[in-house]
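A.B. asks: Here you go, this is protein32.tsv (TSV, N, CA and C atoms).
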chain	number	residue	atom	x	y	z
A	1	ARG	N	144.25	50.11	122.00
A	1	ARG	CA	143.67	50.96	120.99
A	1	ARG	C	143.02	50.14	119.88
A	2	GLY	N	143.46	48.89	119.66
A	2	GLY	CA	142.87	48.10	118.59
A	2	GLY	C	142.89	46.61	118.87
A	3	VAL	N	141.97	45.90	118.22
A	3	VAL	CA	141.92	44.44	118.28
A	3	VAL	C	141.74	43.94	116.85
A	4	VAL	N	142.61	43.02	116.45
A	4	VAL	CA	142.55	42.47	115.10
A	4	VAL	C	142.58	40.95	115.19
A	5	GLN	N	141.72	40.32	114.43
A	5	GLN	CA	141.69	38.87	114.35
A	5	GLN	C	142.20	38.44	112.99
A	6	GLN	N	143.04	37.41	112.97
A	6	GLN	CA	143.56	36.84	111.73
A	6	GLN	C	143.11	35.40	111.63
A	7	LYS	N	142.67	35.01	110.44
A	7	LYS	CA	142.36	33.61	110.16
A	7	LYS	C	143.11	33.20	108.92
A	8	PHE	N	143.42	31.91	108.86
A	8	PHE	CA	144.19	31.35	107.76
A	8	PHE	C	143.40	30.20	107.15
A	9	VAL	N	143.34	30.16	105.83
A	9	VAL	CA	142.59	29.12	105.13
A	9	VAL	C	143.08	27.75	105.60
A	10	GLY	N	142.13	26.89	105.98
A	10	GLY	CA	142.44	25.53	106.39
A	10	GLY	C	142.89	25.38	107.83
A	11	ASP	N	142.98	26.45	108.57
A	11	ASP	CA	143.46	26.40	109.95
A	11	ASP	C	142.30	26.74	110.89
A	12	PRO	N	141.97	25.86	111.84
A	12	PRO	CA	140.84	26.13	112.73
A	12	PRO	C	141.13	27.22	113.76
A	13	MET	N	142.41	27.53	113.99
A	13	MET	CA	142.74	28.51	115.02
A	13	MET	C	142.78	29.91	114.43
A	14	ALA	N	142.19	30.83	115.15
A	14	ALA	CA	142.28	32.25	114.78
A	14	ALA	C	143.29	32.90	115.72
A	15	LEU	N	144.01	33.87	115.20
A	15	LEU	CA	144.93	34.64	116.02
A	15	LEU	C	144.30	35.99	116.28
A	16	GLU	N	144.44	36.46	117.48
A	16	GLU	CA	143.92	37.77	117.83
A	16	GLU	C	145.04	38.56	118.47
A	17	PHE	N	145.24	39.78	117.98
A	17	PHE	CA	146.24	40.61	118.63
A	17	PHE	C	145.63	41.94	119.03
A	18	HIS	N	146.15	42.46	120.12
A	18	HIS	CA	145.69	43.73	120.69
A	18	HIS	C	146.80	44.75	120.50
A	19	VAL	N	146.42	45.93	120.08
A	19	VAL	CA	147.37	47.01	119.83
A	19	VAL	C	147.21	48.04	120.96
A	20	PHE	N	148.32	48.34	121.62
A	20	PHE	CA	148.32	49.28	122.73
A	20	PHE	C	149.15	50.50	122.38
A	21	HIS	N	148.78	51.62	122.94
A	21	HIS	CA	149.54	52.86	122.77
A	21	HIS	C	150.29	53.11	124.08
A	22	VAL	N	151.60	53.03	124.02
A	22	VAL	CA	152.44	53.22	125.20
A	22	VAL	C	153.07	54.61	125.10
A	23	VAL	N	152.91	55.41	126.13
A	23	VAL	CA	153.44	56.77	126.10
A	23	VAL	C	154.72	56.93	126.92
A	24	ASP	N	155.02	55.95	127.75
A	24	ASP	CA	156.22	56.03	128.57
A	24	ASP	C	156.82	54.64	128.68
A	25	TYR	N	158.13	54.56	128.59
A	25	TYR	CA	158.82	53.28	128.64
A	25	TYR	C	160.13	53.47	129.38
A	26	ASP	N	160.45	52.52	130.23
A	26	ASP	CA	161.70	52.55	130.97
A	26	ASP	C	162.44	51.26	130.67
A	27	GLY	N	163.64	51.37	130.15
A	27	GLY	CA	164.42	50.18	129.82
A	27	GLY	C	165.07	50.31	128.46
A	28	GLU	N	165.63	49.23	128.00
A	28	GLU	CA	166.33	49.20	126.71
A	28	GLU	C	165.51	48.40	125.71
A	29	LEU	N	165.34	48.93	124.50
A	29	LEU	CA	164.70	48.16	123.44
A	29	LEU	C	165.65	47.03	123.06
A	30	THR	N	165.11	45.84	122.85
A	30	THR	CA	165.92	44.67	122.58
A	30	THR	C	165.49	44.01	121.27
A	31	GLU	N	166.45	43.65	120.45
A	31	GLU	CA	166.17	42.95	119.20
A	31	GLU	C	165.66	41.54	119.51
A	32	SER	N	164.73	41.07	118.68
A	32	SER	CA	164.20	39.71	118.81
A	32	SER	C	164.37	38.99	117.48
A	33	ASP	N	163.96	37.72	117.44
A	33	ASP	CA	164.01	36.96	116.18
A	33	ASP	C	163.13	37.59	115.12
A	34	GLU	N	162.09	38.29	115.53
A	34	GLU	CA	161.11	38.84	114.60
A	34	GLU	C	161.39	40.28	114.20
A	35	MET	N	162.08	41.03	115.04
A	35	MET	CA	162.28	42.44	114.70
A	35	MET	C	163.50	43.05	115.38
A	36	ALA	N	163.98	44.09	114.74
A	36	ALA	CA	165.03	44.92	115.32
A	36	ALA	C	164.42	46.30	115.51
A	37	PRO	N	164.19	46.73	116.76
A	37	PRO	CA	163.53	48.02	117.00
A	37	PRO	C	164.28	49.18	116.34
A	38	LYS	N	163.53	50.03	115.69
A	38	LYS	CA	164.10	51.19	115.03
A	38	LYS	C	163.01	52.25	114.90
A	39	TRP	N	163.34	53.51	115.08
A	39	TRP	CA	162.37	54.60	114.97
A	39	TRP	C	162.32	55.10	113.53
A	40	PHE	N	161.11	55.43	113.07
A	40	PHE	CA	160.90	55.97	111.73
A	40	PHE	C	159.96	57.16	111.81
A	41	ALA	N	160.15	58.12	110.93
A	41	ALA	CA	159.15	59.17	110.75
A	41	ALA	C	157.92	58.50	110.14
A	42	VAL	N	156.74	59.00	110.45
A	42	VAL	CA	155.51	58.38	109.96
A	42	VAL	C	155.54	58.21	108.45
A	43	GLU	N	156.00	59.21	107.72
A	43	GLU	CA	156.02	59.12	106.25
A	43	GLU	C	157.07	58.13	105.74
A	44	ASP	N	157.96	57.64	106.61
A	44	ASP	CA	159.01	56.71	106.19
A	44	ASP	C	158.82	55.29	106.73
A	45	ILE	N	157.64	54.99	107.27
A	45	ILE	CA	157.40	53.64	107.79
A	45	ILE	C	157.59	52.65	106.65
A	46	PRO	N	158.47	51.65	106.83
A	46	PRO	CA	158.79	50.71	105.73
A	46	PRO	C	157.80	49.54	105.63
A	47	TYR	N	156.57	49.85	105.23
A	47	TYR	CA	155.54	48.82	105.16
A	47	TYR	C	155.96	47.61	104.33
A	48	ALA	N	156.73	47.81	103.28
A	48	ALA	CA	157.15	46.70	102.42
A	48	ALA	C	158.03	45.70	103.15
A	49	GLN	N	158.62	46.10	104.26
A	49	GLN	CA	159.50	45.21	105.02
A	49	GLN	C	158.79	44.65	106.26
A	50	MET	N	157.51	44.96	106.41
A	50	MET	CA	156.77	44.56	107.60
A	50	MET	C	155.75	43.48	107.25
A	51	TRP	N	155.08	42.96	108.29
A	51	TRP	CA	154.01	42.01	108.05
A	51	TRP	C	152.96	42.66	107.14
A	52	ARG	N	152.40	41.89	106.26
A	52	ARG	CA	151.48	42.38	105.23
A	52	ARG	C	150.31	43.18	105.80
A	53	ASP	N	149.79	42.77	106.95
A	53	ASP	CA	148.61	43.43	107.50
A	53	ASP	C	148.90	44.74	108.23
A	54	ASP	N	150.17	45.03	108.54
A	54	ASP	CA	150.48	46.26	109.27
A	54	ASP	C	150.00	47.50	108.53
A	55	GLU	N	150.07	47.48	107.23
A	55	GLU	CA	149.64	48.63	106.43
A	55	GLU	C	148.13	48.88	106.54
A	56	GLU	N	147.39	47.86	106.97
A	56	GLU	CA	145.94	48.00	107.11
A	56	GLU	C	145.55	48.68	108.42
A	57	TRP	N	146.23	48.34	109.52
A	57	TRP	CA	145.81	48.88	110.81
A	57	TRP	C	146.66	50.04	111.31
A	58	TYR	N	147.90	50.17	110.85
A	58	TYR	CA	148.73	51.30	111.31
A	58	TYR	C	148.05	52.66	111.08
A	59	PRO	N	147.42	52.91	109.93
A	59	PRO	CA	146.78	54.23	109.75
A	59	PRO	C	145.76	54.56	110.84
A	60	PHE	N	145.00	53.58	111.29
A	60	PHE	CA	144.04	53.82	112.37
A	60	PHE	C	144.80	54.19	113.65
A	61	PHE	N	145.83	53.41	113.94
A	61	PHE	CA	146.63	53.66	115.14
A	61	PHE	C	147.29	55.05	115.09
A	62	LEU	N	147.88	55.38	113.95
A	62	LEU	CA	148.59	56.64	113.82
A	62	LEU	C	147.66	57.85	113.89
A	63	LYS	N	146.38	57.65	113.55
A	63	LYS	CA	145.39	58.73	113.67
A	63	LYS	C	144.72	58.73	115.04
A	64	GLU	N	145.26	57.91	115.94
A	64	GLU	CA	144.77	57.81	117.33
A	64	GLU	C	143.32	57.35	117.41
A	65	MET	N	142.92	56.47	116.50
A	65	MET	CA	141.57	55.91	116.50
A	65	MET	C	141.58	54.57	117.22
A	66	CYS	N	140.47	54.23	117.84
A	66	CYS	CA	140.25	52.87	118.31
A	66	CYS	C	139.72	52.10	117.10
A	67	PHE	N	140.12	50.85	116.97
A	67	PHE	CA	139.73	50.09	115.78
A	67	PHE	C	139.67	48.60	116.08
A	68	ARG	N	138.97	47.91	115.19
A	68	ARG	CA	138.99	46.45	115.21
A	68	ARG	C	138.92	45.99	113.77
A	69	GLY	N	139.43	44.80	113.55
A	69	GLY	CA	139.46	44.33	112.18
A	69	GLY	C	139.58	42.83	112.08
A	70	PHE	N	139.45	42.38	110.86
A	70	PHE	CA	139.56	40.96	110.54
A	70	PHE	C	140.39	40.84	109.27
A	71	LEU	N	141.31	39.88	109.28
A	71	LEU	CA	142.19	39.64	108.14
A	71	LEU	C	142.11	38.16	107.78
A	72	LEU	N	141.99	37.88	106.51
A	72	LEU	CA	141.94	36.50	106.03
A	72	LEU	C	143.14	36.25	105.14
A	73	PHE	N	143.90	35.21	105.46
A	73	PHE	CA	145.14	34.90	104.74
A	73	PHE	C	145.11	33.49	104.15
A	74	ARG	N	145.82	33.34	103.04
A	74	ARG	CA	146.20	32.02	102.52
A	74	ARG	C	147.70	31.97	102.74
A	75	GLY	N	148.15	31.11	103.65
A	75	GLY	CA	149.55	31.14	104.07
A	75	GLY	C	149.78	32.39	104.91
A	76	THR	N	151.04	32.79	105.04
A	76	THR	CA	151.32	33.97	105.85
A	76	THR	C	151.55	35.23	105.02
A	77	GLU	N	151.68	35.08	103.72
A	77	GLU	CA	152.00	36.23	102.87
A	77	GLU	C	150.84	36.75	102.04
A	78	ARG	N	149.90	35.89	101.68
A	78	ARG	CA	148.83	36.31	100.76
A	78	ARG	C	147.56	36.66	101.52
A	79	MET	N	147.26	37.95	101.60
A	79	MET	CA	146.04	38.40	102.24
A	79	MET	C	144.90	38.31	101.24
A	80	LEU	N	143.85	37.59	101.62
A	80	LEU	CA	142.69	37.43	100.75
A	80	LEU	C	141.63	38.48	100.99
A	81	GLY	N	141.60	39.03	102.19
A	81	GLY	CA	140.60	40.03	102.50
A	81	GLY	C	140.88	40.69	103.83
A	82	CYS	N	140.28	41.86	104.00
A	82	CYS	CA	140.50	42.64	105.21
A	82	CYS	C	139.30	43.53	105.46
A	83	THR	N	138.87	43.60	106.70
A	83	THR	CA	137.94	44.64	107.12
A	83	THR	C	138.57	45.31	108.32
A	84	MET	N	138.51	46.60	108.35
A	84	MET	CA	139.07	47.38	109.45
A	84	MET	C	138.11	48.53	109.67
A	85	GLU	N	137.73	48.78	110.91
A	85	GLU	CA	136.78	49.86	111.17
A	85	GLU	C	137.12	50.58	112.47
A	86	GLU	N	136.81	51.86	112.47
A	86	GLU	CA	136.94	52.64	113.69
A	86	GLU	C	135.77	52.30	114.60
A	87	VAL	N	136.05	52.16	115.88
A	87	VAL	CA	135.01	51.90	116.87
A	87	VAL	C	135.23	52.82	118.07
A	88	SER	N	134.21	52.95	118.89
A	88	SER	CA	134.37	53.75	120.10
A	88	SER	C	135.18	52.94	121.11
A	89	PRO	N	135.84	53.61	122.05
A	89	PRO	CA	136.56	52.87	123.09
A	89	PRO	C	135.65	51.90	123.84
A	90	LYS	N	134.41	52.31	124.07
A	90	LYS	CA	133.45	51.45	124.77
A	90	LYS	C	133.18	50.18	123.96
A	91	ASP	N	132.94	50.33	122.66
A	91	ASP	CA	132.68	49.16	121.81
A	91	ASP	C	133.90	48.25	121.72
A	92	LEU	N	135.06	48.84	121.70
A	92	LEU	CA	136.29	48.04	121.65
A	92	LEU	C	136.43	47.20	122.91
A	93	GLU	N	136.17	47.80	124.05
A	93	GLU	CA	136.29	47.09	125.32
A	93	GLU	C	135.22	46.02	125.50
A	94	SER	N	134.03	46.27	124.99
A	94	SER	CA	132.92	45.34	125.24
A	94	SER	C	132.73	44.32	124.13
A	95	TYR	N	133.47	44.46	123.03
A	95	TYR	CA	133.33	43.57	121.88
A	95	TYR	C	131.92	43.57	121.32
A	96	GLN	N	131.21	44.68	121.49
A	96	GLN	CA	129.87	44.76	120.91
A	96	GLN	C	129.99	44.73	119.39
A	97	ASP	N	128.96	44.22	118.78
A	97	ASP	CA	128.86	44.20	117.32
A	97	ASP	C	129.85	43.24	116.64
A	98	TRP	N	130.38	42.26	117.40
A	98	TRP	CA	131.24	41.27	116.73
A	98	TRP	C	130.42	40.41	115.78
A	99	GLY	N	129.10	40.32	115.99
A	99	GLY	CA	128.27	39.58	115.05
A	99	GLY	C	128.39	40.17	113.65
A	100	LYS	N	128.41	41.50	113.59
A	100	LYS	CA	128.60	42.18	112.30
A	100	LYS	C	129.97	41.83	111.72
A	101	ALA	N	130.97	41.78	112.58
A	101	ALA	CA	132.32	41.43	112.12
A	101	ALA	C	132.35	40.00	111.58
A	102	TRP	N	131.66	39.07	112.24
A	102	TRP	CA	131.63	37.69	111.75
A	102	TRP	C	130.95	37.59	110.39
A	103	ARG	N	129.90	38.38	110.19
A	103	ARG	CA	129.24	38.38	108.87
A	103	ARG	C	130.20	38.88	107.81
A	104	ARG	N	130.96	39.92	108.12
A	104	ARG	CA	131.95	40.42	107.17
A	104	ARG	C	133.01	39.36	106.89
A	105	GLU	N	133.39	38.63	107.92
A	105	GLU	CA	134.36	37.55	107.76
A	105	GLU	C	133.86	36.53	106.75
A	106	ALA	N	132.63	36.10	106.90
A	106	ALA	CA	132.05	35.13	105.97
A	106	ALA	C	131.97	35.71	104.56
A	107	GLU	N	131.62	36.98	104.43
A	107	GLU	CA	131.57	37.63	103.12
A	107	GLU	C	132.94	37.69	102.47
A	108	LEU	N	133.98	38.00	103.26
A	108	LEU	CA	135.34	38.03	102.71
A	108	LEU	C	135.75	36.65	102.21
A	109	GLY	N	135.44	35.63	102.98
A	109	GLY	CA	135.77	34.27	102.57
A	109	GLY	C	135.06	33.89	101.28
A	110	ALA	N	133.77	34.20	101.19
A	110	ALA	CA	133.01	33.89	99.99
A	110	ALA	C	133.57	34.65	98.79
A	111	ALA	N	133.96	35.91	98.98
A	111	ALA	CA	134.54	36.69	97.89
A	111	ALA	C	135.87	36.10	97.41
A	112	ALA	N	136.56	35.40	98.31
A	112	ALA	CA	137.83	34.77	97.95
A	112	ALA	C	137.62	33.35	97.42
A	113	GLY	N	136.35	32.94	97.25
A	113	GLY	CA	136.06	31.61	96.72
A	113	GLY	C	136.18	30.50	97.75
A	114	LEU	N	136.00	30.85	99.02
A	114	LEU	CA	136.13	29.87	100.11
A	114	LEU	C	134.78	29.60	100.72
A	115	ARG	N	134.70	28.53	101.47
A	115	ARG	CA	133.49	28.23	102.23
A	115	ARG	C	133.91	28.00	103.68
A	116	MET	N	132.98	28.20	104.60
A	116	MET	CA	133.26	27.97	106.01
A	116	MET	C	132.64	26.67	106.46
A	117	GLU	N	133.42	25.90	107.19
A	117	GLU	CA	132.90	24.72	107.89
A	117	GLU	C	133.17	24.97	109.36
A	118	GLY	N	132.14	25.30	110.11
A	118	GLY	CA	132.34	25.71	111.49
A	118	GLY	C	133.08	27.03	111.49
A	119	THR	N	134.29	27.03	112.04
A	119	THR	CA	135.10	28.25	112.06
A	119	THR	C	136.28	28.17	111.10
A	120	ILE	N	136.31	27.14	110.24
A	120	ILE	CA	137.45	26.93	109.35
A	120	ILE	C	137.09	27.33	107.93
A	121	PHE	N	137.92	28.16	107.30
A	121	PHE	CA	137.78	28.47	105.89
A	121	PHE	C	138.41	27.34	105.10
A	122	LYS	N	137.70	26.86	104.09
A	122	LYS	CA	138.23	25.79	103.24
A	122	LYS	C	138.05	26.17	101.79
A	123	GLU	N	138.92	25.59	100.96
A	123	GLU	CA	138.79	25.78	99.52
A	123	GLU	C	137.49	25.12	99.09
A	124	ASN	N	136.82	25.66	98.12
A	124	ASN	CA	135.55	25.10	97.67
A	124	ASN	C	135.70	23.70	97.08
A	125	ASP	N	136.89	23.37	96.56
A	125	ASP	CA	137.06	22.05	95.97
A	125	ASP	C	137.49	21.00	96.96
A	126	GLU	N	137.71	21.34	98.25
A	126	GLU	CA	138.06	20.37	99.26
A	126	GLU	C	136.80	19.58	99.65
A	127	ALA	N	136.98	18.30	99.82
A	127	ALA	CA	135.85	17.45	100.24
A	127	ALA	C	135.49	17.78	101.68
A	128	SER	N	134.20	17.79	101.97
A	128	SER	CA	133.75	18.03	103.33
A	128	SER	C	134.14	16.84	104.20
A	129	ALA	N	134.53	17.14	105.44
A	129	ALA	CA	134.94	16.08	106.36
A	129	ALA	C	133.73	15.40	106.96
If you convert what's in this file into structure tokens, what do you get?

C.D. replies:
Amino acid sequence: RGVVQQKFVGDPMALEFHVFHVVDYDGELTESDEMAPKWFAVEDIPYAQMWRDDEEWYPFFLKEMCFRGFLLFRGTERMLGCTMEEVSPKDLESYQDWGKAWRREAELGAAAGLRMEGTIFKENDEASA
């Protein structure tokens, strides 16, 4: 249902995660190092206890929209910018219009006072390599 890309200042690697809607499951939910599965009513979702970006994309998912987005972080806790948009299922599958998403990415970085070198966001006061 969704694709989100995350980039971190000073890190050349981008993370991309895909969000799926599962309607049937067979087995036992198991706790992991990252989470303990628990059901919540939509109005009680504990965003303050979740990853910072979940509050950005969950509304799209909960409204049954297809979406894609970009998140820019300094470290893992400080979000510098976010774009999230509804797309058609066809556009989501084909990754059409990612050029527009890349332009938004550069705009978010510039708004946060960063510059891009290749695919890496850097602080403006860092010397170019």

A.B. asks: Here is a test: counting only N, CA and C atoms, which residue of A:Glu31, A:Lys63, A:Gly10, A:Glu77 is nearest to A:Trp51?

C.D. replies: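 Checking each candidate against A:Trp51, we get A:Glu77 as the closest.
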
A.B. asks: Could you check how far atom N of A:Cys82 sits from atom C of A:Asp44, in Å to one decimal?

C.D. replies: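 Between these atoms lies a distance of 23.1 Å.
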
A.B. asks: By how many Å are atom CA of A:Val87 and atom CA of A:Leu108 apart?

C.D. replies: 19.8 Å

A.B. asks: Of the candidates A:His18, A:Glu105, A:Asp33, A:Gln6, which one gets nearest to A:Phe73 if we count all atoms listed in the file?

C.D. replies: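 Of all the options, A:Gln6 lies closest to A:Phe73.
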
A.B. asks: Using only C-alpha atoms, which of A:Thr30, A:Trp57, A:Phe8, A:Gly2 sits nearest A:Pro89?

C.D. replies: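 Ranking A:Thr30, A:Trp57, A:Phe8, A:Gly2 by distance to A:Pro89, first place goes to A:Gly2.
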
A.B. asks: Rounded to one decimal place, report the atom CA of A:Val3-atom N of A:Leu92 distance in Å.

C.D. replies: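 Distance between the two atoms: 8.8 Å.
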
A.B. asks: Kindly add N, CA, C and O atoms to the incomplete stretch 34-48 of chain A and provide the output as a PDB file, in the frame of the given file.

C.D. replies:
ATOM      1  N   GLU A  34     162.090  38.290 115.530  1.00  0.00           N
ATOM      2  CA  GLU A  34     161.110  38.840 114.600  1.00  0.00           C
ATOM      3  C   GLU A  34     161.390  40.280 114.200  1.00  0.00           C
ATOM      4  O   GLU A  34     160.956  40.720 113.144  1.00  0.00           O
ATOM      5  N   MET A  35     162.080  41.030 115.040  1.00  0.00           N
ATOM      6  CA  MET A  35     162.280  42.440 114.700  1.00  0.00           C
ATOM      7  C   MET A  35     163.500  43.050 115.380  1.00  0.00           C
ATOM      8  O   MET A  35     163.930  42.578 116.421  1.00  0.00           O
ATOM      9  N   ALA A  36     163.980  44.090 114.740  1.00  0.00           N
ATOM     10  CA  ALA A  36     165.030  44.920 115.320  1.00  0.00           C
ATOM     11  C   ALA A  36     164.420  46.300 115.510  1.00  0.00           C
ATOM     12  O   ALA A  36     164.087  46.969 114.530  1.00  0.00           O
ATOM     13  N   PRO A  37     164.190  46.730 116.760  1.00  0.00           N
ATOM     14  CA  PRO A  37     163.530  48.020 117.000  1.00  0.00           C
ATOM     15  C   PRO A  37     164.280  49.180 116.340  1.00  0.00           C
ATOM     16  O   PRO A  37     165.502  49.254 116.403  1.00  0.00           O
ATOM     17  N   LYS A  38     163.530  50.030 115.690  1.00  0.00           N
ATOM     18  CA  LYS A  38     164.100  51.190 115.030  1.00  0.00           C
ATOM     19  C   LYS A  38     163.010  52.250 114.900  1.00  0.00           C
ATOM     20  O   LYS A  38     161.863  51.916 114.613  1.00  0.00           O
ATOM     21  N   TRP A  39     163.340  53.510 115.080  1.00  0.00           N
ATOM     22  CA  TRP A  39     162.370  54.600 114.970  1.00  0.00           C
ATOM     23  C   TRP A  39     162.320  55.100 113.530  1.00  0.00           C
ATOM     24  O   TRP A  39     163.341  55.202 112.866  1.00  0.00           O
ATOM     25  N   PHE A  40     161.110  55.430 113.070  1.00  0.00           N
ATOM     26  CA  PHE A  40     160.900  55.970 111.730  1.00  0.00           C
ATOM     27  C   PHE A  40     159.960  57.160 111.810  1.00  0.00           C
ATOM     28  O   PHE A  40     159.035  57.166 112.632  1.00  0.00           O
ATOM     29  N   ALA A  41     160.150  58.120 110.930  1.00  0.00           N
ATOM     30  CA  ALA A  41     159.150  59.170 110.750  1.00  0.00           C
ATOM     31  C   ALA A  41     157.920  58.500 110.140  1.00  0.00           C
ATOM     32  O   ALA A  41     158.047  57.514 109.402  1.00  0.00           O
ATOM     33  N   VAL A  42     156.740  59.000 110.450  1.00  0.00           N
ATOM     34  CA  VAL A  42     155.510  58.380 109.960  1.00  0.00           C
ATOM     35  C   VAL A  42     155.540  58.210 108.450  1.00  0.00           C
ATOM     36  O   VAL A  42     155.179  57.148 107.932  1.00  0.00           O
ATOM     37  N   GLU A  43     156.000  59.210 107.720  1.00  0.00           N
ATOM     38  CA  GLU A  43     156.020  59.120 106.250  1.00  0.00           C
ATOM     39  C   GLU A  43     157.070  58.130 105.740  1.00  0.00           C
ATOM     40  O   GLU A  43     157.055  57.769 104.562  1.00  0.00           O
ATOM     41  N   ASP A  44     157.960  57.640 106.610  1.00  0.00           N
ATOM     42  CA  ASP A  44     159.010  56.710 106.190  1.00  0.00           C
ATOM     43  C   ASP A  44     158.820  55.290 106.730  1.00  0.00           C
ATOM     44  O   ASP A  44     159.741  54.466 106.659  1.00  0.00           O
ATOM     45  N   ILE A  45     157.640  54.990 107.270  1.00  0.00           N
ATOM     46  CA  ILE A  45     157.400  53.640 107.790  1.00  0.00           C
ATOM     47  C   ILE A  45     157.590  52.650 106.650  1.00  0.00           C
ATOM     48  O   ILE A  45     156.957  52.765 105.596  1.00  0.00           O
ATOM     49  N   PRO A  46     158.470  51.650 106.830  1.00  0.00           N
ATOM     50  CA  PRO A  46     158.790  50.710 105.730  1.00  0.00           C
ATOM     51  C   PRO A  46     157.800  49.540 105.630  1.00  0.00           C
ATOM     52  O   PRO A  46     158.135  48.381 105.874  1.00  0.00           O
ATOM     53  N   TYR A  47     156.570  49.850 105.230  1.00  0.00           N
ATOM     54  CA  TYR A  47     155.540  48.820 105.160  1.00  0.00           C
ATOM     55  C   TYR A  47     155.960  47.610 104.330  1.00  0.00           C
ATOM     56  O   TYR A  47     155.616  46.482 104.650  1.00  0.00           O
ATOM     57  N   ALA A  48     156.730  47.810 103.280  1.00  0.00           N
ATOM     58  CA  ALA A  48     157.150  46.700 102.420  1.00  0.00           C
ATOM     59  C   ALA A  48     158.030  45.700 103.150  1.00  0.00           C
ATOM     60  O   ALA A  48     158.147  44.543 102.729  1.00  0.00           O
TER      61      ALA A  48
END
